[in-house]
>>> print(open('run_26.txt').read())   # compact mmCIF, C-alpha atoms and all ligand atoms
# COMPACT_ATOMS: atom_id res chain seq x y z
CA MET A 1 118.66 -63.25 135.94
CA ASN A 2 118.81 -66.61 134.14
CA ALA A 3 116.01 -68.13 136.23
CA LEU A 4 113.72 -65.23 135.43
CA LEU A 5 114.55 -65.47 131.75
CA LYS A 6 113.73 -69.19 131.75
CA THR A 7 110.51 -68.98 133.76
CA ASP A 8 109.02 -65.78 132.42
CA PRO A 9 110.67 -64.23 129.36
CA GLU A 10 107.89 -61.62 129.10
CA ILE A 11 108.67 -60.17 132.53
CA PHE A 12 112.43 -60.59 131.91
CA ASN A 13 112.10 -58.57 128.72
CA LEU A 14 110.14 -55.83 130.47
CA VAL A 15 112.85 -55.63 133.18
CA LYS A 16 115.55 -55.35 130.52
CA SER A 17 113.54 -52.82 128.59
CA GLU A 18 113.06 -50.71 131.75
CA GLU A 19 116.81 -50.89 132.46
CA ALA A 20 117.52 -49.61 128.97
CA TYR A 21 114.85 -46.90 129.35
CA GLN A 22 116.31 -45.73 132.68
CA LYS A 23 119.74 -45.58 131.05
CA ARG A 24 118.81 -43.62 127.93
CA THR A 25 116.43 -41.04 129.46
CA ILE A 26 117.07 -38.05 131.69
CA ARG A 27 115.00 -38.75 134.78
CA LEU A 28 113.79 -35.55 136.40
CA ILE A 29 110.88 -36.88 138.49
CA ALA A 30 111.58 -35.14 141.81
CA SER A 31 110.62 -38.22 143.85
CA GLU A 32 112.61 -40.83 141.91
CA ASN A 33 116.21 -41.98 142.14
CA TYR A 34 118.57 -44.85 141.30
CA THR A 35 119.19 -47.35 144.13
CA SER A 36 122.56 -49.04 144.28
CA LYS A 37 123.17 -52.63 143.20
CA ALA A 38 123.69 -53.52 146.87
CA VAL A 39 120.19 -52.26 147.71
CA LEU A 40 118.67 -54.12 144.76
CA ASP A 41 120.51 -57.28 145.84
CA ALA A 42 119.20 -57.02 149.41
CA CYS A 43 115.62 -56.64 148.15
CA GLY A 44 115.80 -59.78 146.02
CA THR A 45 116.61 -62.22 148.83
CA VAL A 46 115.03 -65.11 150.74
CA PHE A 47 113.64 -62.57 153.21
CA GLN A 48 110.79 -62.48 150.68
CA ASN A 49 109.82 -65.91 152.07
CA LYS A 50 109.13 -64.75 155.63
CA TYR A 51 106.28 -63.58 157.82
CA SER A 52 107.19 -61.81 161.04
CA GLU A 53 104.25 -59.94 162.55
CA GLY A 54 105.41 -58.05 165.60
CA TYR A 55 108.73 -56.40 166.36
CA PRO A 56 112.27 -57.74 166.97
CA GLY A 57 112.23 -59.98 170.06
CA ALA A 58 108.41 -59.95 170.22
CA ARG A 59 107.06 -61.70 167.13
CA TYR A 60 103.90 -63.72 166.63
CA TYR A 61 105.76 -66.32 164.52
CA GLN A 62 108.77 -68.50 165.40
CA GLY A 63 111.89 -68.60 163.23
CA GLN A 64 112.79 -64.92 163.35
CA VAL A 65 116.48 -64.97 164.25
CA ASN A 66 117.59 -63.41 160.95
CA CYS A 67 114.56 -61.17 160.42
CA ASP A 68 115.19 -59.72 163.88
CA GLY A 69 118.82 -59.10 162.95
CA VAL A 70 117.83 -57.23 159.78
CA GLU A 71 115.15 -55.11 161.43
CA ARG A 72 117.37 -54.25 164.43
CA LEU A 73 120.13 -53.06 162.09
CA ALA A 74 117.68 -50.93 160.10
CA ILE A 75 116.26 -49.41 163.31
CA GLU A 76 119.68 -48.64 164.81
CA ARG A 77 120.96 -47.10 161.58
CA ALA A 78 117.82 -44.97 161.16
CA LYS A 79 118.12 -43.69 164.74
CA ALA A 80 121.82 -42.93 164.36
CA LEU A 81 121.51 -41.26 160.95
CA PHE A 82 118.71 -38.89 161.94
CA GLY A 83 119.35 -38.61 165.70
CA ALA A 84 115.97 -40.16 166.53
CA GLU A 85 114.93 -41.67 169.87
CA HIS A 86 112.75 -44.31 168.21
CA ALA A 87 112.37 -45.71 164.69
CA ASN A 88 109.74 -47.93 163.11
CA VAL A 89 110.93 -49.27 159.74
CA GLN A 90 107.86 -51.34 158.85
CA PRO A 91 105.46 -49.00 156.98
CA TYR A 92 104.92 -50.32 153.47
CA SER A 93 105.22 -46.84 151.99
CA GLY A 94 104.67 -43.14 152.67
CA SER A 95 100.86 -43.12 152.66
CA PRO A 96 100.52 -45.98 155.20
CA ALA A 97 103.22 -44.33 157.33
CA ASN A 98 101.22 -41.09 157.35
CA LEU A 99 97.97 -42.93 158.09
CA ALA A 100 99.68 -44.49 161.12
CA ILE A 101 100.24 -40.99 162.52
CA TYR A 102 96.52 -40.20 162.25
CA LEU A 103 95.68 -43.52 163.89
CA ALA A 104 98.16 -42.95 166.72
CA PHE A 105 97.15 -39.40 167.61
CA ALA A 106 93.69 -38.51 166.25
CA LYS A 107 90.12 -39.80 166.09
CA PRO A 108 87.85 -39.56 163.02
CA GLY A 109 86.39 -36.06 162.86
CA ASP A 110 89.37 -34.44 164.60
CA THR A 111 90.93 -31.38 162.99
CA VAL A 112 94.30 -31.54 161.24
CA LEU A 113 96.18 -28.66 159.59
CA GLY A 114 98.50 -29.21 156.61
CA LEU A 115 99.71 -27.66 153.36
CA ASN A 116 97.14 -27.36 150.55
CA LEU A 117 97.66 -30.05 147.87
CA SER A 118 97.90 -27.59 144.97
CA HIS A 119 100.41 -25.52 146.95
CA GLY A 120 102.74 -28.50 147.36
CA GLY A 121 101.11 -30.64 150.09
CA HIS A 122 100.51 -34.39 149.79
CA LEU A 123 97.21 -36.24 149.37
CA THR A 124 97.63 -37.70 152.87
CA HIS A 125 97.89 -34.22 154.38
CA GLY A 126 94.09 -34.06 154.37
CA SER A 127 93.14 -33.83 150.69
CA LYS A 128 89.40 -34.47 150.11
CA ALA A 129 90.40 -37.21 147.64
CA SER A 130 92.21 -39.12 150.42
CA ALA A 131 90.87 -41.03 153.44
CA THR A 132 92.64 -38.39 155.54
CA GLY A 133 90.36 -35.69 154.09
CA LYS A 134 87.22 -37.84 154.22
CA TRP A 135 87.66 -39.08 157.81
CA PHE A 136 89.23 -36.01 159.43
CA ASN A 137 88.34 -32.34 159.46
CA ALA A 138 91.27 -31.15 157.39
CA VAL A 139 92.06 -27.46 157.07
CA HIS A 140 94.87 -26.18 154.90
CA TYR A 141 97.39 -23.38 154.86
CA SER A 142 98.57 -22.03 151.50
CA LEU A 143 101.64 -20.35 150.06
CA ASP A 144 101.80 -16.58 150.10
CA PRO A 145 100.32 -15.49 146.73
CA VAL A 146 103.05 -12.88 146.17
CA THR A 147 106.22 -14.64 147.36
CA GLY A 148 105.21 -18.28 146.81
CA LEU A 149 106.65 -19.00 150.27
CA LEU A 150 105.12 -20.43 153.44
CA ASN A 151 103.67 -17.66 155.59
CA TYR A 152 104.35 -18.70 159.18
CA ASP A 153 102.18 -15.89 160.63
CA GLU A 154 99.24 -17.23 158.65
CA ILE A 155 99.97 -20.84 159.70
CA ARG A 156 100.05 -19.65 163.33
CA ARG A 157 96.78 -17.73 162.90
CA MET A 158 95.07 -20.80 161.43
CA ALA A 159 96.53 -23.10 164.08
CA LEU A 160 95.22 -20.89 166.88
CA GLU A 161 91.82 -20.59 165.20
CA HIS A 162 91.34 -24.30 164.40
CA LYS A 163 93.30 -25.90 167.26
CA PRO A 164 94.33 -28.98 165.20
CA LYS A 165 95.26 -32.31 166.77
CA LEU A 166 98.00 -32.63 164.16
CA LEU A 167 100.04 -29.80 162.69
CA ILE A 168 101.54 -31.22 159.49
CA ALA A 169 104.75 -29.80 158.03
CA GLY A 170 106.25 -31.25 154.86
CA HIS A 171 105.41 -31.40 151.20
CA SER A 172 105.68 -33.09 147.84
CA ALA A 173 106.28 -29.97 145.77
CA TYR A 174 107.58 -27.04 147.85
CA PRO A 175 110.99 -25.91 146.60
CA ARG A 176 112.20 -24.34 149.84
CA GLN A 177 113.55 -25.42 153.22
CA LEU A 178 111.19 -25.52 156.19
CA ASP A 179 111.64 -23.69 159.49
CA PHE A 180 111.05 -26.49 161.96
CA ALA A 181 111.69 -24.30 165.03
CA LYS A 182 108.79 -22.07 163.90
CA PHE A 183 106.53 -25.08 163.34
CA ARG A 184 107.46 -26.33 166.83
CA GLU A 185 106.56 -22.98 168.40
CA ILE A 186 103.19 -22.96 166.62
CA ALA A 187 102.45 -26.56 167.63
CA ASP A 188 103.23 -25.73 171.26
CA GLU A 189 101.03 -22.63 171.16
CA CYS A 190 98.00 -24.51 169.84
CA GLY A 191 98.65 -27.82 171.64
CA ALA A 192 99.11 -29.89 168.46
CA ILE A 193 101.30 -32.88 167.75
CA LEU A 194 103.96 -31.69 165.27
CA PHE A 195 104.06 -34.21 162.43
CA VAL A 196 106.74 -33.67 159.76
CA ASP A 197 106.54 -35.58 156.49
CA MET A 198 110.13 -35.39 155.19
CA ALA A 199 109.65 -37.97 152.41
CA HIS A 200 110.96 -35.64 149.73
CA PHE A 201 114.01 -34.26 151.49
CA ALA A 202 115.07 -37.08 153.88
CA GLY A 203 118.17 -37.78 151.80
CA LEU A 204 119.15 -34.12 151.98
CA VAL A 205 118.71 -34.22 155.76
CA ALA A 206 120.81 -37.40 155.96
CA GLY A 207 123.52 -35.75 153.88
CA GLY A 208 123.49 -32.49 155.84
CA ALA A 209 122.01 -30.40 153.00
CA HIS A 210 118.68 -29.62 154.70
CA PRO A 211 117.78 -28.88 158.36
CA ASN A 212 116.80 -31.97 160.34
CA PRO A 213 113.19 -31.95 161.64
CA VAL A 214 113.77 -34.80 164.10
CA PRO A 215 114.90 -32.68 167.08
CA PHE A 216 111.79 -30.46 166.70
CA ALA A 217 108.97 -32.81 165.73
CA ASP A 218 106.96 -35.23 167.81
CA VAL A 219 106.94 -37.56 164.87
CA VAL A 220 108.57 -37.65 161.42
CA THR A 221 107.62 -39.88 158.50
CA THR A 222 109.65 -40.52 155.40
CA THR A 223 109.68 -42.74 152.39
CA THR A 224 112.99 -44.48 151.84
CA HIS A 225 113.22 -44.30 148.05
CA LYS A 226 113.27 -40.63 147.10
CA THR A 227 116.30 -38.48 147.91
CA LEU A 228 117.27 -41.15 150.49
CA ARG A 229 117.91 -43.53 147.55
CA GLY A 230 116.75 -46.79 149.14
CA PRO A 231 114.05 -49.25 148.10
CA ARG A 232 110.32 -48.42 147.99
CA GLY A 233 109.33 -48.30 151.67
CA ALA A 234 108.96 -45.93 154.62
CA MET A 235 109.96 -45.22 158.21
CA ILE A 236 108.57 -43.35 161.19
CA LEU A 237 110.94 -41.57 163.60
CA CYS A 238 109.62 -40.26 166.89
CA LYS A 239 110.27 -39.30 170.49
CA GLU A 240 110.48 -42.25 172.86
CA LYS A 241 107.27 -41.14 174.61
CA HIS A 242 105.35 -41.80 171.36
CA ALA A 243 107.08 -45.12 170.52
CA LYS A 244 104.32 -47.41 171.79
CA ALA A 245 101.52 -45.48 170.09
CA ILE A 246 103.41 -45.46 166.77
CA ASP A 247 104.35 -49.15 166.87
CA LYS A 248 100.77 -50.16 167.72
CA ALA A 249 99.39 -47.97 164.94
CA VAL A 250 101.65 -49.60 162.31
CA PHE A 251 101.09 -53.15 163.59
CA PRO A 252 98.46 -54.33 164.36
CA GLY A 253 96.66 -51.04 163.66
CA LEU A 254 97.15 -50.82 159.92
CA GLN A 255 99.46 -53.50 158.60
CA GLY A 256 100.25 -57.19 158.79
CA GLY A 257 103.74 -58.62 158.50
CA PRO A 258 106.58 -56.32 157.53
CA HIS A 259 108.24 -56.76 154.13
CA ASN A 260 111.53 -58.13 155.44
CA ALA A 261 113.41 -58.08 152.15
CA THR A 262 112.56 -54.41 151.79
CA THR A 263 113.71 -53.84 155.38
CA ALA A 264 117.05 -55.39 154.39
CA GLY A 265 117.25 -52.98 151.44
CA ILE A 266 116.41 -50.05 153.73
CA ALA A 267 119.17 -51.10 156.14
CA VAL A 268 121.69 -51.14 153.27
CA ALA A 269 120.52 -47.74 152.00
CA LEU A 270 120.86 -46.28 155.50
CA LYS A 271 124.42 -47.60 155.72
CA GLU A 272 125.18 -45.99 152.36
CA ALA A 273 123.65 -42.72 153.58
CA MET A 274 126.14 -42.68 156.47
CA GLN A 275 129.14 -42.59 154.11
CA PRO A 276 131.00 -39.38 153.19
CA GLU A 277 130.06 -39.80 149.49
CA PHE A 278 126.41 -39.43 150.43
CA LYS A 279 127.08 -35.96 151.85
CA GLU A 280 128.62 -35.01 148.53
CA TYR A 281 125.61 -36.40 146.64
CA ALA A 282 123.19 -34.41 148.86
CA ARG A 283 125.20 -31.20 148.41
CA LYS A 284 125.40 -31.67 144.63
CA THR A 285 121.70 -32.47 144.36
CA VAL A 286 120.88 -29.02 145.78
CA GLU A 287 123.66 -27.34 143.76
CA ASN A 288 122.33 -28.91 140.54
CA ALA A 289 118.77 -27.85 141.39
CA LYS A 290 119.92 -24.27 141.93
CA THR A 291 121.85 -24.24 138.64
CA LEU A 292 118.92 -25.71 136.73
CA ALA A 293 116.50 -23.25 138.39
CA ALA A 294 118.70 -20.28 137.38
CA GLU A 295 119.02 -21.55 133.79
CA LEU A 296 115.27 -22.11 133.48
CA THR A 297 114.56 -18.67 134.90
CA LYS A 298 116.91 -17.15 132.29
CA ARG A 299 114.82 -18.89 129.64
CA GLY A 300 111.59 -17.33 130.86
CA PHE A 301 110.22 -20.20 132.95
CA SER A 302 108.27 -19.00 135.97
CA LEU A 303 109.37 -20.92 139.06
CA VAL A 304 107.08 -20.96 142.09
CA SER A 305 108.84 -18.95 144.84
CA GLY A 306 111.39 -17.77 142.26
CA GLY A 307 113.82 -20.69 142.62
CA THR A 308 114.76 -23.54 144.90
CA ASP A 309 116.89 -24.38 147.89
CA ASN A 310 116.18 -28.09 147.93
CA HIS A 311 116.11 -30.77 145.20
CA LEU A 312 112.95 -29.71 143.34
CA MET A 313 111.34 -27.03 141.22
CA LEU A 314 107.69 -26.28 140.51
CA ILE A 315 107.07 -24.35 137.30
CA ASP A 316 103.92 -22.48 136.33
CA LEU A 317 103.74 -22.65 132.53
CA THR A 318 100.87 -20.17 132.10
CA ASN A 319 103.21 -17.57 130.54
CA LYS A 320 104.52 -20.19 128.06
CA ASN A 321 101.02 -20.84 126.68
CA ILE A 322 101.32 -24.58 127.14
CA SER A 323 99.60 -26.82 129.70
CA GLY A 324 101.55 -28.93 132.18
CA LYS A 325 100.44 -32.15 130.54
CA GLU A 326 101.26 -31.03 127.01
CA ALA A 327 104.71 -29.93 128.18
CA ALA A 328 105.33 -33.15 130.14
CA VAL A 329 104.35 -35.30 127.13
CA ALA A 330 106.53 -33.24 124.77
CA MET A 331 109.47 -33.56 127.16
CA GLU A 332 108.92 -37.31 127.50
CA ASN A 333 109.12 -37.55 123.71
CA ALA A 334 112.38 -35.62 123.93
CA GLY A 335 113.83 -37.99 126.55
CA LEU A 336 113.23 -35.74 129.58
CA ILE A 337 111.01 -37.47 132.14
CA LEU A 338 109.10 -35.30 134.63
CA ASN A 339 105.51 -34.91 135.81
CA TYR A 340 102.72 -32.41 135.26
CA ASN A 341 101.62 -30.78 138.50
CA THR A 342 99.08 -28.35 139.90
CA VAL A 343 100.44 -24.96 140.94
CA PRO A 344 99.31 -22.49 143.63
CA GLY A 345 96.06 -20.81 142.58
CA GLU A 346 95.46 -23.58 140.01
CA THR A 347 92.66 -22.82 137.54
CA ARG A 348 92.83 -26.02 135.45
CA LYS A 349 91.97 -29.60 136.32
CA ALA A 350 94.48 -31.88 138.13
CA SER A 351 94.63 -34.23 135.12
CA ASP A 352 95.87 -31.37 132.90
CA PRO A 353 97.10 -28.62 135.21
CA SER A 354 99.15 -25.48 134.61
CA GLY A 355 102.52 -26.69 135.82
CA ILE A 356 105.30 -29.23 135.89
CA ARG A 357 107.47 -30.46 138.75
CA LEU A 358 111.04 -31.64 138.37
CA GLY A 359 114.02 -32.46 140.54
CA THR A 360 117.67 -33.42 140.50
CA PRO A 361 118.15 -36.53 142.72
CA SER A 362 118.36 -39.11 139.89
CA VAL A 363 120.55 -37.06 137.58
CA THR A 364 122.87 -36.21 140.48
CA SER A 365 123.16 -39.88 141.47
CA ARG A 366 124.18 -40.42 137.87
CA GLY A 367 126.95 -37.82 138.06
CA PHE A 368 125.43 -34.93 136.09
CA GLY A 369 126.77 -31.47 136.94
CA ALA A 370 126.40 -27.82 135.93
CA ASP A 371 127.05 -28.35 132.19
CA GLU A 372 124.35 -30.99 131.99
CA MET A 373 121.91 -28.72 133.90
CA ARG A 374 122.44 -26.02 131.26
CA LYS A 375 121.76 -28.51 128.46
CA ILE A 376 118.62 -29.78 130.21
CA ALA A 377 117.26 -26.22 130.51
CA GLU A 378 117.95 -25.64 126.82
CA TRP A 379 116.20 -28.88 125.81
CA MET A 380 113.24 -28.15 128.07
CA GLU A 381 112.75 -24.79 126.42
CA LEU A 382 113.02 -26.32 122.95
CA ALA A 383 110.60 -29.13 123.80
CA CYS A 384 108.05 -26.61 125.13
CA SER A 385 108.28 -24.37 122.10
CA HIS A 386 108.15 -27.33 119.64
CA SER A 387 105.66 -29.48 121.55
CA GLN A 388 103.73 -30.37 118.35
CA ASP A 389 106.81 -30.96 116.19
CA ASN A 390 107.59 -34.68 116.43
CA GLY A 391 110.67 -34.36 114.24
CA LYS A 392 112.18 -31.75 116.55
CA LEU A 393 111.31 -33.78 119.67
CA GLU A 394 112.92 -36.87 118.14
CA ALA A 395 116.05 -34.86 117.35
CA ILE A 396 116.25 -33.68 120.98
CA ALA A 397 115.69 -37.29 122.14
CA LYS A 398 118.78 -38.32 120.15
CA GLU A 399 120.80 -35.66 121.95
CA THR A 400 119.47 -36.52 125.43
CA SER A 401 120.17 -40.18 124.85
CA ALA A 402 123.72 -39.39 123.59
CA LEU A 403 124.36 -37.44 126.78
CA CYS A 404 123.05 -40.33 128.88
CA GLU A 405 125.48 -42.73 127.22
CA ARG A 406 128.35 -40.77 128.82
CA PHE A 407 127.10 -41.43 132.37
CA ALA A 408 126.94 -44.74 134.21
CA VAL A 409 123.70 -45.72 135.91
CA PRO A 410 123.92 -46.76 139.58
CA GLY A 411 122.41 -50.19 140.15
CA ILE A 412 122.39 -51.03 136.44
CA GLU A 413 126.00 -50.68 135.30
N1 LIG B 501 104.29 -39.80 144.56
C1 LIG B 501 105.15 -39.04 145.43
C2 LIG B 501 105.77 -37.88 144.72
O1 LIG B 501 105.98 -37.98 143.53
O2 LIG B 501 106.06 -36.88 145.34
C3 LIG B 501 104.48 -38.59 146.67
O3 LIG B 501 103.88 -39.65 147.29
>>> encode(input="run_26.txt", output="structure tokens")
Amino acid sequence: MNALLKTDPEIFNLVKSEEAYQKRTIRLIASENYTSKAVLDACGTVFQNKYSEGYPGARYYQGQVNCDGVERLAIERAKALFGAEHANVQPYSGSPANLAIYLAFAKPGDTVLGLNLSHGGHLTHGSKASATGKWFNAVHYSLDPVTGLLNYDEIRRMALEHKPKLLIAGHSAYPRQLDFAKFREIADECGAILFVDMAHFAGLVAGGAHPNPVPFADVVTTTTHKTLRGPRGAMILCKEKHAKAIDKAVFPGLQGGPHNATTAGIAVALKEAMQPEFKEYARKTVENAKTLAAELTKRGFSLVSGGTDNHLMLIDLTNKNISGKEAAVAMENAGLILNYNTVPGETRKASDPSGIRLGTPSVTSRGFGADEMRKIAEWMELACSHSQDNGKLEAIAKETSALCERFAVPGIE
């Protein structure tokens, strides 16, 4: 990065400082990961110099021979990896991808049914804070208050009562697998388009560690940077009969030119996700999450739904007498990076809620296993019980950083 150093040492230093930070901390944000050097290389290319409104073979600008090649590869790999009839790889990120689904299938004021935000849904699943909740009549299903699981009978009852245009399955903080066959049945009964947002677990699907929604859903959106381990971006996979509506909704409906360098990075990540090692990574991500969940439960942490069978955990800290934000800050000071999160039945405000969310994609990409999960649980407990003791948190930070030194960081080393 000599050119960067020469032109802008301030930004260069921040990049270097972030590299060091990502190396010495234990990254447990459920939606983050480490991309490979190959993906980073592809994103920093001359494809940044291009505009290419349209789709391969049908652009509004000349000079697209290489952009077409990149986008075609990304599309073909996405279709092959997930068994999709059609793929659009242009959405800038998950929220625009989800907005494209509303634009393709619904009109303002139409009813949509998705998972409640504080029960694990996403803002774009109709939260009042999002355009999707302001412009559409969003109704929400919740987790069962006793089991912490989705209640498919209740989802069916609500779907038949509200007759939504879109039935949304998918989440940002639900620690269990989804039953896509059940969602399909419900969508058929109420005449809805079944829209699955698999942003969180797409990498597990690609690696065979989570059921694939593509055969069941009309349309599936995903970001490309979470468990899938690509660059920041998104894709939409759908049945051929919806291809035109989806493509028109992305461009010209919502976006201008695609970010071609990112598309190149997505294509590389998809190729990586087709390799046998990726299956192993997906399997280990779930195995690590289960180990960590069991260790945390032993230490008195209350996990929503009692555990996990994907890559993430949602913890209600009410019984630990500490708020989500206080715990997240204490853990950050101890070198454990995760986020505070609302929990089902939340009684506090979103900016300082009752829970925390964490996941294992980044630490698994780094090579952590069962022993490291046990240590993480121990440090989390210590950080929670010594949240006001800076000396103790600093001592834990020394230990977390020493552990990190033993593991290489994909994309950095
Ligand atoms: N911000 C993402 C997450 O953390 O789950 C969702 O968009």
>>> residues_near_ligand(input="run_26.txt", ligand="ligand LIG 501 (chain B)", cutoff="8 Å", atoms="all atoms listed in the file", output="mmCIF file with C-alpha atoms, in the frame of the given file")
data_model
loop_
_atom_site.group_PDB
_atom_site.id
_atom_site.type_symbol
_atom_site.label_atom_id
_atom_site.label_comp_id
_atom_site.auth_asym_id
_atom_site.auth_seq_id
_atom_site.Cartn_x
_atom_site.Cartn_y
_atom_site.Cartn_z
ATOM 1 C CA ILE A 29 110.880 -36.880 138.490
ATOM 2 C CA ALA A 30 111.580 -35.140 141.810
ATOM 3 C CA SER A 31 110.620 -38.220 143.850
ATOM 4 C CA GLU A 32 112.610 -40.830 141.910
ATOM 5 C CA GLY A 94 104.670 -43.140 152.670
ATOM 6 C CA SER A 95 100.860 -43.120 152.660
ATOM 7 C CA HIS A 122 100.510 -34.390 149.790
ATOM 8 C CA LEU A 123 97.210 -36.240 149.370
ATOM 9 C CA SER A 172 105.680 -33.090 147.840
ATOM 10 C CA ALA A 173 106.280 -29.970 145.770
ATOM 11 C CA ALA A 199 109.650 -37.970 152.410
ATOM 12 C CA HIS A 200 110.960 -35.640 149.730
#
>>> closest_residue(input="run_26.txt", among="A:Lys241, A:Lys134, A:Lys107, A:His225", to="Lys165 (chain A)", atoms="all atoms listed in the file")
A:Lys107
>>> residues_around(input="run_26.txt", residues="Lys239 (chain A)", least_positions_apart="2", cutoff="9 Å", atoms="only C-alpha atoms", output="short mmCIF file (atom, residue, chain, number, x, y, z; two decimals) with C-alpha atoms, in the frame of the given file")
data_model
loop_
_atom_site.label_atom_id
_atom_site.label_comp_id
_atom_site.auth_asym_id
_atom_site.auth_seq_id
_atom_site.Cartn_x
_atom_site.Cartn_y
_atom_site.Cartn_z
CA ALA A 84 115.97 -40.16 166.53
CA GLU A 85 114.93 -41.67 169.87
CA HIS A 86 112.75 -44.31 168.21
CA ALA A 87 112.37 -45.71 164.69
CA VAL A 214 113.77 -34.80 164.10
CA PRO A 215 114.90 -32.68 167.08
CA ALA A 217 108.97 -32.81 165.73
CA ASP A 218 106.96 -35.23 167.81
CA VAL A 219 106.94 -37.56 164.87
CA LEU A 237 110.94 -41.57 163.60
CA LYS A 241 107.27 -41.14 174.61
CA HIS A 242 105.35 -41.80 171.36
CA ALA A 243 107.08 -45.12 170.52
#
>>> residues_around(input="run_26.txt", residues="Asn88 (chain A)", least_positions_apart="6", cutoff="8 Å", atoms="only C-alpha atoms", output="number ranges by chain")
A: 75, 235-237, 246-247
>>> closest_residue(input="run_26.txt", among="A:Ile337, A:Ala383, A:Val286, A:Ala377", to="Arg27 (chain A)", atoms="all atoms listed in the file")
A:Ile337
>>> atom_distance(input="run_26.txt", atom1="CA of His162 (chain A)", atom2="CA of Ser142 (chain A)")
15.0 Å
>>> residues_around(input="run_26.txt", residues="Thr262 (chain A)", least_positions_apart="2", cutoff="7 Å", atoms="all atoms listed in the file", output="ChimeraX atom specification")
/A:43,231,233,259-260,264-266
>>> residues_around(input="run_26.txt", residues="Asp188 (chain A)", least_positions_apart="3", cutoff="12 Å", atoms="only C-alpha atoms", output="JSON list (two decimals) with C-alpha atoms, in the frame of the given file")
[["chain", "number", "residue", "atom", "x", "y", "z"],
["A", 156, "ARG", "CA", 100.05, -19.65, 163.33],
["A", 159, "ALA", "CA", 96.53, -23.10, 164.08],
["A", 160, "LEU", "CA", 95.22, -20.89, 166.88],
["A", 163, "LYS", "CA", 93.30, -25.90, 167.26],
["A", 164, "PRO", "CA", 94.33, -28.98, 165.20],
["A", 165, "LYS", "CA", 95.26, -32.31, 166.77],
["A", 166, "LEU", "CA", 98.00, -32.63, 164.16],
["A", 167, "LEU", "CA", 100.04, -29.80, 162.69],
["A", 181, "ALA", "CA", 111.69, -24.30, 165.03],
["A", 182, "LYS", "CA", 108.79, -22.07, 163.90],
["A", 183, "PHE", "CA", 106.53, -25.08, 163.34],
["A", 184, "ARG", "CA", 107.46, -26.33, 166.83],
["A", 185, "GLU", "CA", 106.56, -22.98, 168.40],
["A", 191, "GLY", "CA", 98.65, -27.82, 171.64],
["A", 192, "ALA", "CA", 99.11, -29.89, 168.46],
["A", 193, "ILE", "CA", 101.30, -32.88, 167.75],
["A", 194, "LEU", "CA", 103.96, -31.69, 165.27],
["A", 216, "PHE", "CA", 111.79, -30.46, 166.70],
["A", 217, "ALA", "CA", 108.97, -32.81, 165.73],
["A", 218, "ASP", "CA", 106.96, -35.23, 167.81]]
>>> atom_distance(input="run_26.txt", atom1="CA of Val196 (chain A)", atom2="CA of Gly307 (chain A)")
22.6 Å
>>> atom_distance(input="run_26.txt", atom1="CA of Leu393 (chain A)", atom2="CA of Ser354 (chain A)")
21.0 Å
>>> residues_around(input="run_26.txt", residues="Cys67 (chain A)", least_positions_apart="6", cutoff="8 Å", atoms="only C-alpha atoms", output="PDB file with C-alpha atoms, keeping the file's coordinate frame")
ATOM      1  CA  PHE A  47     113.640 -62.570 153.210  1.00  0.00           C
ATOM      2  CA  SER A  52     107.190 -61.810 161.040  1.00  0.00           C
ATOM      3  CA  PRO A  56     112.270 -57.740 166.970  1.00  0.00           C
ATOM      4  CA  ASN A 260     111.530 -58.130 155.440  1.00  0.00           C
TER       5      ASN A 260
END
>>> axis_aligned_box(input="run_26.txt", around="region 214-233 of chain A", padding_each_side="8 Å", output="AutoDock Vina command-line options")
--center_x 112.4 --center_y -39.9 --center_z 157.5 --size_x 27.0 --size_y 34.8 --size_z 36.7
>>> closest_residue(input="run_26.txt", among="A:Asp41, A:Gly203, A:Pro252, A:Val329", to="Arg59 (chain A)", atoms="only C-alpha atoms")
A:Pro252
>>> closest_residue(input="run_26.txt", among="A:Lys375, A:Lys271, A:Lys349, A:His171", to="Leu312 (chain A)", atoms="all atoms listed in the file")
A:His171
>>> closest_residue(input="run_26.txt", among="A:Tyr34, A:Ile376, A:Ile26, A:Thr342", to="Leu117 (chain A)", atoms="all atoms listed in the file")
A:Thr342
>>> closest_residue(input="run_26.txt", among="A:Thr291, A:Ser385, A:Thr360, A:Thr263", to="Ala327 (chain A)", atoms="all atoms listed in the file")
A:Ser385
